[in-house]
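Beneath this line is the structure, given in structure tokens, with notes to follow.
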Amino acid sequence: MTSLEVWGGVECTVNRVGERFFDQLERSGHTRRLDDLDRFAALGIKSLRFPALWERLAPHAPDAIDWTWTDAALTRLRKLNIRPIVGFVHHGSGPRYTSLIDCTFAEKLARFARSFAERYPWVDAYTPVNEPLTTARFSGLYGLWHPNAHDRSTFLRILLNECTGILLAMQQVRSVNRQAELVQTEDLGRIYSTPKLVYQAKFENSRRWLGLDLIAGRVDREHELYRWIRNAGVRDHELDLFLDAPCPPDVLGINHYITSNRFLDEHVDHYPPCSHGGNGRQHYADVEAVRVGAASLVSPYAVLREAWERYGLPLAVTEAHIGCTRDEQMRWFLEVWNSARRLHGEGADVRAVTAWSLLGAFDWDSLVTRDRGHYEPGAFDLCGPEPRRTALCGLIEALANGTEPDHPALDSQGWWHRPQRVLYPVPHRPSHYVREAHAPHVRPTRELLITGARGTLGRAFARLCEHRGLAFRLVDRSTLDIANPESVRHALEVFKPWAVINGAGYCRVDDAERDRETCHRDNALGPTLFAEACASRGLPFVTFSSDLVFDGKARSPYRESDGVAPLGVYGWSKAKAEKDVLAAHPGALIVRTSAFFGPWDRYNFLTFTLRQLAMRLTVRAAQDMTVSPTYVPDLVNATLDLLIDGANGLWHLANQGATTWADFARQGASMRGYNAELVLPVPASSLGLTAPRPEYSALGTERGSGLMPPLEAAIERYSSACVIAA
């Protein structure tokens, strides 16, 4: 039996919502960067799910096909020795001249498939329609995608059209290349329930196989869903097509996500209104099984094994992705890999695990029903001018080369194995309908060393490291004096961290004008000594700088490459630290940021302001100073992701959006429902500030424009998380 391979894929959905098409390839820019394929090849992947999408290649007429990009891309893939697995429809409904309920959809798709096969007769792997059952559910039952229906008949009509399209497309392809294989993908999430809803769970667990059963020629008169299908108006001759000319997959592709498994509960009061639904007979909540306290976890291994036992066909995991922090992305991919490897070791024909999506995805948090620009990175991060490798790339490379990945982020279990997974405790619910997961291997944990135990940053890093399952050691000045070489040496020898985050420093901007020596010691000398010590031991080092390194003469956001010209002692100490730290440790990560606000610190400007407004007191705020307020949880999470990725150099991390202090206060007041007129805009010169400050210090970035969310969204999350005590 061949060894397990790593395949790759790019999120390529072109789905229709109303009259609008959501095009993931356009948003990611993949079709404008042929060198993406070289990046993928460097990871060691053997096959690539290749998007030759009908909607993109022939958008206006069936015979008006533009082969320009596919010619170039497929030529490059052949040179790179990567096998393409070509997809024609990916959660889409085809071009505007057809749809999923068009009675000629299948014939039109088959015609397009033949045109493709004739142009590229050497291509030997196809997925004509991705996840037909899932697409039929979302389009025909849930009303999320075109044609936005909510009934069984439309659901079945869509599914039959898609499955017929698969059969006819493969017939046409094989008339050109007899060796062409069908790699058929589907999400096979399982349904669990309380005892009263077992009947519904049983039905949905039968229905999830229906698309695969159809193309494999299994839906005969004895099939458990035959009467249900016929009662919806489907005629026997439509089903006989699949019995007369079955097209079982050559490889069954399993797309499995943490939230694929669902839990049904008639006690709707335990769950949010958005989860409430029903079947016409009973009202119930439908939620992610992983979030229910009574439900035990179901591992990817169990899903794969179930598919293997049902069909006995070669398997591959054709999508393995989670929209989460970098460490969790790595943990999930490794868990899927280990599940596939376990089943492979038991004798099942498991071919590969697919890194999906290599370039991340847009707006899948809303199932691509809204255009909000929400981006989830994949193996590469698209927030900068060029795709940036993340730590997931290193994981994929290791697995592709047959070695075990050894990143410290992998020392802990994913959130789905930790207590925080539970959003709905409901402890009295029985769990005997849910299989136990195979327990993942737990490694000895390596720690991050975090300084600044008494400060905003140090405490925030500790809180979020705990939330993310990253082991850490938080220390204060009494344990570690960063400006004392012996203290630094001793701490590194005793704690043996895998990386250091310096959250300590002198932060009293006005006092610095009178206490230059202490400010220099804590902000410049200390970080430099610490950086030298980390460099000598090969340890990653993170420290923080400030927007106050700039003089404020600009009128557009400062970028990382802009020259510094601090106006005061505090800004000067930070500018010197930037220069000296990078000289001592070129691999260090220095984060410039600005104007903290967060839910855990009572002393930041916004929290103080809202506390005053809650007591109906006025607040004076500068109207002539423009800054980039930074939500501390966003800052910490982005910094941790960059650290895990091995990023270095200067990075600007501030929430997207510049504002004056007065407008910032008014925006926060409006979000909380306070009287914004109590915010009094005044000149900065009237506030009695000792240290000079730039009039304009907004931060932009040329390295990671999407790493930090928009300011408005950050204020909204702050408002929800922060308790304002008068």
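Naming works like this for the structure tokens: A, B, ... for the chains as they're shown, residue 1 at the start of each chain, ligands 1 onward in shown order.
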Would you write out, as a tab-separated table, a table of all residues in stretch 565-614 of chain A that have an atom no more than 10 Å from an atom of stretch 528-549 of chain A, listing for each the closest atom pair and the distance in Å to one decimal, considering only C-alpha atoms and ordering rows by chain and rising residue number?
```
residue	atom	partner	partner_atom	distance
A:Ala565	CA	A:Val549	CA	5.9
A:Pro566	CA	A:Val549	CA	4.3
A:Leu567	CA	A:Val549	CA	7.5
A:Gly568	CA	A:Leu548	CA	8.0
A:Val569	CA	A:Leu548	CA	9.6
A:Tyr570	CA	A:Leu548	CA	7.5
A:Gly571	CA	A:Val549	CA	4.6
A:Trp572	CA	A:Val549	CA	6.4
A:Ser573	CA	A:Val549	CA	8.6
A:Lys574	CA	A:Ser545	CA	5.5
A:Ala575	CA	A:Val549	CA	5.6
A:Lys576	CA	A:Val549	CA	9.3
A:Ala577	CA	A:Thr528	CA	6.5
A:Glu578	CA	A:Ser545	CA	7.2
A:Lys579	CA	A:Thr528	CA	9.1
A:Asp580	CA	A:Thr528	CA	6.0
A:Val581	CA	A:Thr528	CA	4.8
A:Leu582	CA	A:Ala531	CA	8.1
A:Ala583	CA	A:Thr528	CA	8.8
A:Ala584	CA	A:Glu532	CA	5.2
A:His585	CA	A:Ala535	CA	5.3
A:Pro586	CA	A:Ala535	CA	8.3
A:Gly587	CA	A:Pro540	CA	6.9
A:Ala588	CA	A:Phe541	CA	5.0
A:Leu589	CA	A:Val542	CA	4.7
A:Ile590	CA	A:Thr543	CA	5.1
A:Val591	CA	A:Phe544	CA	4.8
A:Arg592	CA	A:Ser545	CA	4.4
A:Thr593	CA	A:Ser546	CA	5.1
A:Ser594	CA	A:Asp547	CA	5.6
A:Ala595	CA	A:Asp547	CA	8.6
```
Query raised in the report: When DSSP works through the backbone of this structure, what residues of stretch 218-275 of chain A end up as helix (DSSP H, G or I), shown as a PyMOL selection string?
Result: chain A and resi 226-231+236-244+268-270+273-275
Output N, CA and C atoms of each residue in that selection to a file, as a short mmCIF file (atom, residue, chain, number, x, y, z; two decimals), in the first residue's frame.
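Heads up, here's the output in result_2.cif:
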```
data_model
loop_
_atom_site.label_atom_id
_atom_site.label_comp_id
_atom_site.auth_asym_id
_atom_site.auth_seq_id
_atom_site.Cartn_x
_atom_site.Cartn_y
_atom_site.Cartn_z
N TYR A 226 -36.12 5.47 -0.54
CA TYR A 226 -36.80 5.40 -1.84
C TYR A 226 -38.20 6.03 -1.78
N ARG A 227 -38.99 5.63 -0.82
CA ARG A 227 -40.36 6.16 -0.74
C ARG A 227 -40.36 7.66 -0.47
N TRP A 228 -39.46 8.10 0.37
CA TRP A 228 -39.37 9.54 0.67
C TRP A 228 -39.04 10.32 -0.61
N ILE A 229 -38.17 9.76 -1.44
CA ILE A 229 -37.81 10.42 -2.70
C ILE A 229 -39.00 10.42 -3.66
N ARG A 230 -39.65 9.28 -3.79
CA ARG A 230 -40.78 9.18 -4.73
C ARG A 230 -41.94 10.07 -4.29
N ASN A 231 -42.15 10.18 -2.98
CA ASN A 231 -43.24 11.01 -2.48
C ASN A 231 -43.03 12.49 -2.76
N ASP A 236 -39.49 7.22 -11.30
CA ASP A 236 -38.60 6.06 -11.30
C ASP A 236 -37.54 6.15 -12.39
N HIS A 237 -37.90 6.65 -13.57
CA HIS A 237 -36.91 6.68 -14.65
C HIS A 237 -35.74 7.62 -14.33
N GLU A 238 -35.99 8.62 -13.47
CA GLU A 238 -34.90 9.50 -13.06
C GLU A 238 -33.91 8.76 -12.16
N LEU A 239 -34.43 7.85 -11.34
CA LEU A 239 -33.56 7.05 -10.48
C LEU A 239 -32.91 5.91 -11.25
N ASP A 240 -33.65 5.37 -12.24
CA ASP A 240 -33.12 4.25 -13.01
C ASP A 240 -31.88 4.64 -13.79
N LEU A 241 -31.75 5.91 -14.13
CA LEU A 241 -30.55 6.37 -14.83
C LEU A 241 -29.29 5.98 -14.08
N PHE A 242 -29.33 6.11 -12.76
CA PHE A 242 -28.15 5.81 -11.94
C PHE A 242 -27.97 4.31 -11.76
N LEU A 243 -29.07 3.56 -11.77
CA LEU A 243 -28.96 2.10 -11.67
C LEU A 243 -28.42 1.50 -12.96
N ASP A 244 -28.81 2.10 -14.10
CA ASP A 244 -28.40 1.58 -15.40
C ASP A 244 -26.96 1.94 -15.74
N VAL A 268 -35.29 24.05 23.35
CA VAL A 268 -34.72 25.17 22.62
C VAL A 268 -34.29 26.31 23.54
N ASP A 269 -34.81 26.36 24.76
CA ASP A 269 -34.47 27.45 25.66
C ASP A 269 -33.00 27.42 26.07
N HIS A 270 -32.31 26.30 25.82
CA HIS A 270 -30.89 26.21 26.15
C HIS A 270 -29.99 26.81 25.06
N PRO A 273 -31.61 31.81 19.65
CA PRO A 273 -32.73 31.78 18.70
C PRO A 273 -32.30 31.42 17.27
N CYS A 274 -31.08 31.82 16.89
CA CYS A 274 -30.65 31.54 15.51
C CYS A 274 -30.53 30.05 15.23
N SER A 275 -30.48 29.22 16.28
CA SER A 275 -30.35 27.77 16.09
C SER A 275 -31.70 27.08 16.06
#
```
Requested in this report: List every residue of stretch 479-684 of chain A that DSSP, applied to the backbone of this structure, assigns to strand (DSSP E or B), and report them as a PyMOL selection string.
Outcome: chain A and resi 499-502+541-546+558+589-593+596-597+619-622+626-627+630-631+649-652+656+659-660+679-682
Report summary line: A straight line from atom CA of A:Gly345 to atom CA of A:Leu182 spans 24.3 Å
Query raised in the report: Which neighbours of stretch 108-110 of chain A fall inside 9 Å, counting only C-alpha atoms, when residues of the same chain fewer than 5 positions from it are skipped, and could you give them as JSON, numbers by chain?
Result: {"A": [54, 62, 88, 89, 94, 98, 115, 128, 165, 166, 167, 168, 169, 170, 171, 172, 173]}
Write the residues of the selection above to a file with C-alpha atoms, as a short mmCIF file (atom, residue, chain, number, x, y, z; two decimals), in the first residue's frame.
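For reference, result-v5.cif as written:
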```cif
data_model
loop_
_atom_site.label_atom_id
_atom_site.label_comp_id
_atom_site.auth_asym_id
_atom_site.auth_seq_id
_atom_site.Cartn_x
_atom_site.Cartn_y
_atom_site.Cartn_z
CA TRP A 54 -17.62 26.64 -15.45
CA PRO A 62 -21.51 27.68 -23.58
CA PHE A 88 -16.07 22.36 -12.69
CA VAL A 89 -18.77 23.44 -10.18
CA GLY A 94 -23.31 27.31 -13.05
CA THR A 98 -28.32 27.81 -16.32
CA SER A 115 -14.65 20.68 -24.19
CA PRO A 128 -17.34 17.68 -11.79
CA GLY A 165 -24.27 16.15 -14.19
CA ILE A 166 -21.53 14.09 -12.55
CA LEU A 167 -22.54 10.97 -14.50
CA LEU A 168 -22.83 12.69 -17.86
CA ALA A 169 -19.68 14.78 -17.35
CA MET A 170 -17.62 11.69 -16.53
CA GLN A 171 -19.06 9.87 -19.54
CA GLN A 172 -17.89 12.70 -21.77
CA VAL A 173 -14.50 12.94 -20.10
#
```
Report task. Measure the distance from atom CA of A:Leu359 to atom CA of A:Gly378 in Å and round it to one decimal. Result -> 5.0 Å
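Minimum distance to A:Glu5 across A:Val251, A:Leu423, A:Leu334, A:Ala400 (counting only C-alpha atoms) occurs at A:Ala400.
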Report task. Tell me, as a ChimeraX atom specification, which residues lie within 12 Å of A:Asn637, counting only C-alpha atoms; anything in the same chain fewer than 2 positions away does not count. Result -> /A:324-327,457,460-468,470,631-635,639-644,653-654,707-709
